[in-house]
Amino acid sequence: MSNEIVLEVRNATKRFGPVLALDSINLTARRGEVLALLGDNGAGKSTLIKCISGVHQFDAGEIVLDGMMSPIKSPADARSAGIETVYQDLALFDNLTPAQNFYAGRELSGPRWLPLGLRFLNTREMDRRTADVLDRLKVVLPQRDATVALMSGGQRQAVAVARASVFARKVVILDEPTAALGLRESRKVLDLVAQLRDEGNAVILITHNMEHVTELASRAMVLRQGRKVGEIVPTKSNQQELVSMIVGAATTDQFVQPDRAG
Amino acid sequence: MTEFTSREGTQTPAAAREGATPLALWLKLLSAGPIVILVILIGVLSIVSPPFLTPRNISNIVAQTAVIAVVAMGQHLVILTRGIDLSVGANLALATVMGALCYKATGSGELTILAMLASGAVVGAINGSVYVFGRLPHPFVITLATLSIAKGLALQLADGRAMPGMPEVIQVIGGDSFLGIPVSFFVVALVGGLILLMAKRLVWGRWTYAVGGKPEAALRMGIPVRGVLISTYVIAGLCAGVGAVILAGRTDAGSPLFGNLLELDTIAAVIIGGASFLGGRGHIGHALIGAVMIGVIRNALNLLNVGIFFQLIAIGVVIVIAVEADVLRNHLESRVRTLRAARLA
């Protein structure tokens, strides 16, 4: 793989009180590639992506974006750096329409000389652009100007992924995007993920579904108890190996982090 | 999804509608409920009590409702963000006392109005700041505390008595009429128009709805949640200040005893009007309709010679009904969602 590296995380460490949630994790994400992030519950996957997307901050370690050191101190930092995240609970606002959800926190508005909060919303433009994106991604919704409260799980997931696709310029992180979906809805979401990748984003995908990993991911990285226990190219034949790494029965020799004594 | 949604749209539209129609109808009915009830109420009352629909009495209702309406509009912003402001009544009382003191000291009508608004805004700012920076789980306790503090401060400053005497400009705002319409009506309309503009057209308004809809998500979307929360309490305090101007003008006095149970009336107005107690849903119209409904009920019970004690009971019962309607609406919506999801699976 010679795709250019967009995101690099080096020696990331994070503690919650006495718990070492992340222990010197290294991660690289490349343009046009899906990196699967695997691990059992509590392995540190969510903590890792929350740090990359600015919800938490690493205690130690660095984030390098396009070769430049990028301290990410808040979700706003991450978004303005071109990192979009689709959270497990979707972070959708039930009381808002898809367009309002798309632009929540980065509304198109003016005039520019006013302080941000006091600017007037450019509703028409936001509606138009949202409609364009939904068309491009072939997301069909019962009613585009209705609140998302009444939409099905798959439709909501599609809205959340589509939202990420509008603003992502570098990295898209998806936390178990198909966990609560049926087969057909999962298929549609996976197609959306592939589309994000083909549009040149580095995609980081958290999932428990090995089929999805082998189908989409160029590399799979496994975390266990806050440590990186391996990184391999997933194929149909090494699925079992991946599962073993996740549950702790085996490790791949060539990529194991040096185990620090103590 | 392309495939099955188009199927939903073309091949089985009847089935799709069958599942949703009765529920959707109920939802529509619930959202239209308050205004329908208000119209029916006015219709019935004008038959039962002939003096009810006279211009004089209507003007009366408007004047009496103005204070509740303007403070309820501030309260509605706070409730929109899943909060509650119990201090508005005491805040209003303190503002009238501050105004009376300012008038005594300066003799200026404009400064007196400014003092009342500033007093209201400061109490609001304290509510918001302590709630946000004190990391309180809910604004209930802090606004309960400022209720006590503001009330005590007002009693202390006024020595427990009403302070008569208000400048002419305030008396005009609170007591005069223009073209047969109470001036306070125009004040309510002005404040309402401003808040409507802010809530529906400004970025700030969108943020407010987002924070009310899902605070955690608003944080992750980079919305300045703390600032939004504080601003809603400041505006609620400002509205209490405006209410203070109207009430002080109508009574030509500042008094620490004003605003008793105003928190109840304003919260009731917002909920009765149809805003959701669960946050994220509601608009200025809800606060207005609710305030008018409370004003109409009070006025009618007065005309029908029903005692003040019973009025309290009646308002309380109406609140329970309104909150249950809100719960019912949320329940129906989740039913609709489940039905749709089931159809798609």
# chains A, B, ... in the order shown; residues from 1 in each chain; ligands from 1
>>> select_by_dssp(residues="segment 138-248 of chain B", states="strand (DSSP E)", output="PDB file with C-alpha atoms, in the first residue's frame")
ATOM      1  CA  MET B 163     -42.303  51.151  47.929  1.00  0.00           C
ATOM      2  CA  PRO B 164     -44.865  53.360  46.162  1.00  0.00           C
ATOM      3  CA  SER B 177     -53.665  52.205  26.715  1.00  0.00           C
ATOM      4  CA  PHE B 178     -52.931  53.149  23.137  1.00  0.00           C
ATOM      5  CA  ILE B 181     -55.019  48.442  23.568  1.00  0.00           C
ATOM      6  CA  PRO B 182     -52.936  48.249  26.755  1.00  0.00           C
TER       7      PRO B 182
END
>>> interface_residues(of="chain B", to="chain A", cutoff="6 Å", atoms="only C-alpha atoms", output="JSON, numbers by chain")
{"B": [1, 201, 202, 203, 204, 213, 214, 217, 220, 221, 222, 223, 337, 341]}
>>> select_by_dssp(residues="segment 80-174 of chain A", states="alpha helix (DSSP H)", output="VMD selection string")
chain A and resid 80 98 to 102 123 to 136 153 to 167
>>> closest_residue(among="B:Ile113, B:Leu301, B:Ala125, B:Ala248", to="Ala162 of chain B", atoms="only C-alpha atoms")
B:Ala248
>>> closest_residue(among="A:Pro98, A:Gly82, A:Gly32, A:Gly226", to="Leu48 of chain A", atoms="only C-alpha atoms")
A:Gly226
>>> residues_around(residues="Ser148 of chain B", least_positions_apart="3", cutoff="8 Å", atoms="only C-alpha atoms", output="PDB file with N, CA and C atoms, in the first residue's frame")
ATOM      1  N   SER B  87     -36.662  30.891  39.880  1.00  0.00           N
ATOM      2  CA  SER B  87     -36.387  32.162  40.546  1.00  0.00           C
ATOM      3  C   SER B  87     -37.095  33.354  39.905  1.00  0.00           C
ATOM      4  N   ALA B  90     -39.246  35.747  42.294  1.00  0.00           N
ATOM      5  CA  ALA B  90     -38.434  36.500  43.241  1.00  0.00           C
ATOM      6  C   ALA B  90     -37.540  37.487  42.505  1.00  0.00           C
ATOM      7  N   LEU B 144     -33.723  27.515  42.789  1.00  0.00           N
ATOM      8  CA  LEU B 144     -34.449  27.526  44.063  1.00  0.00           C
ATOM      9  C   LEU B 144     -33.695  28.393  45.077  1.00  0.00           C
ATOM     10  N   ALA B 145     -32.365  28.276  45.042  1.00  0.00           N
ATOM     11  CA  ALA B 145     -31.542  29.069  45.953  1.00  0.00           C
ATOM     12  C   ALA B 145     -31.644  30.553  45.637  1.00  0.00           C
ATOM     13  N   LYS B 151     -35.542  36.913  46.964  1.00  0.00           N
ATOM     14  CA  LYS B 151     -36.692  37.293  47.798  1.00  0.00           C
ATOM     15  C   LYS B 151     -36.208  37.967  49.089  1.00  0.00           C
ATOM     16  N   GLY B 152     -35.230  37.327  49.730  1.00  0.00           N
ATOM     17  CA  GLY B 152     -34.699  37.864  50.976  1.00  0.00           C
ATOM     18  C   GLY B 152     -34.068  39.230  50.778  1.00  0.00           C
TER      19      GLY B 152
END
>>> residues_around(residues="Ser31 of chain B", least_positions_apart="2", cutoff="10 Å", atoms="only C-alpha atoms", output="list in words")
Leu25, Trp26, Leu27, Lys28, Leu29, Gly33, Pro34, Ile35, Val36, Gly273, Gly274, Ala275, Ala325, Asp326 and Arg329 of chain B
>>> write_last_selection(atoms="C-alpha atoms", output="tab-separated table (two decimals), in the first residue's frame")
chain	number	residue	atom	x	y	z
B	25	LEU	CA	-53.67	11.86	13.51
B	26	TRP	CA	-53.37	11.67	17.27
B	27	LEU	CA	-50.02	13.42	17.09
B	28	LYS	CA	-51.48	16.20	14.97
B	29	LEU	CA	-54.38	16.56	17.37
B	33	GLY	CA	-54.58	20.77	21.19
B	34	PRO	CA	-53.76	23.91	23.19
B	35	ILE	CA	-54.99	26.39	20.59
B	36	VAL	CA	-58.16	24.34	19.99
B	273	GLY	CA	-49.13	25.85	25.71
B	274	GLY	CA	-47.64	22.63	24.36
B	275	ALA	CA	-43.86	22.91	24.72
B	325	ALA	CA	-50.35	15.12	26.98
B	326	ASP	CA	-46.61	15.69	26.52
B	329	ARG	CA	-47.04	12.55	22.54
>>> atom_distance(atom1="atom CA of Asp198 of chain A", atom2="atom CA of Ile63 of chain A")
23.7 Å
>>> atom_distance(atom1="atom CA of Lys73 of chain A", atom2="atom CA of Tyr233 of chain B")
27.6 Å
>>> atom_distance(atom1="atom CA of Ala240 of chain B", atom2="atom CA of Ser276 of chain B")
21.4 Å
>>> closest_residue(among="A:Lys170, A:Arg227, A:Lys236, A:Arg197", to="Met210 of chain A", atoms="only C-alpha atoms")
A:Lys236
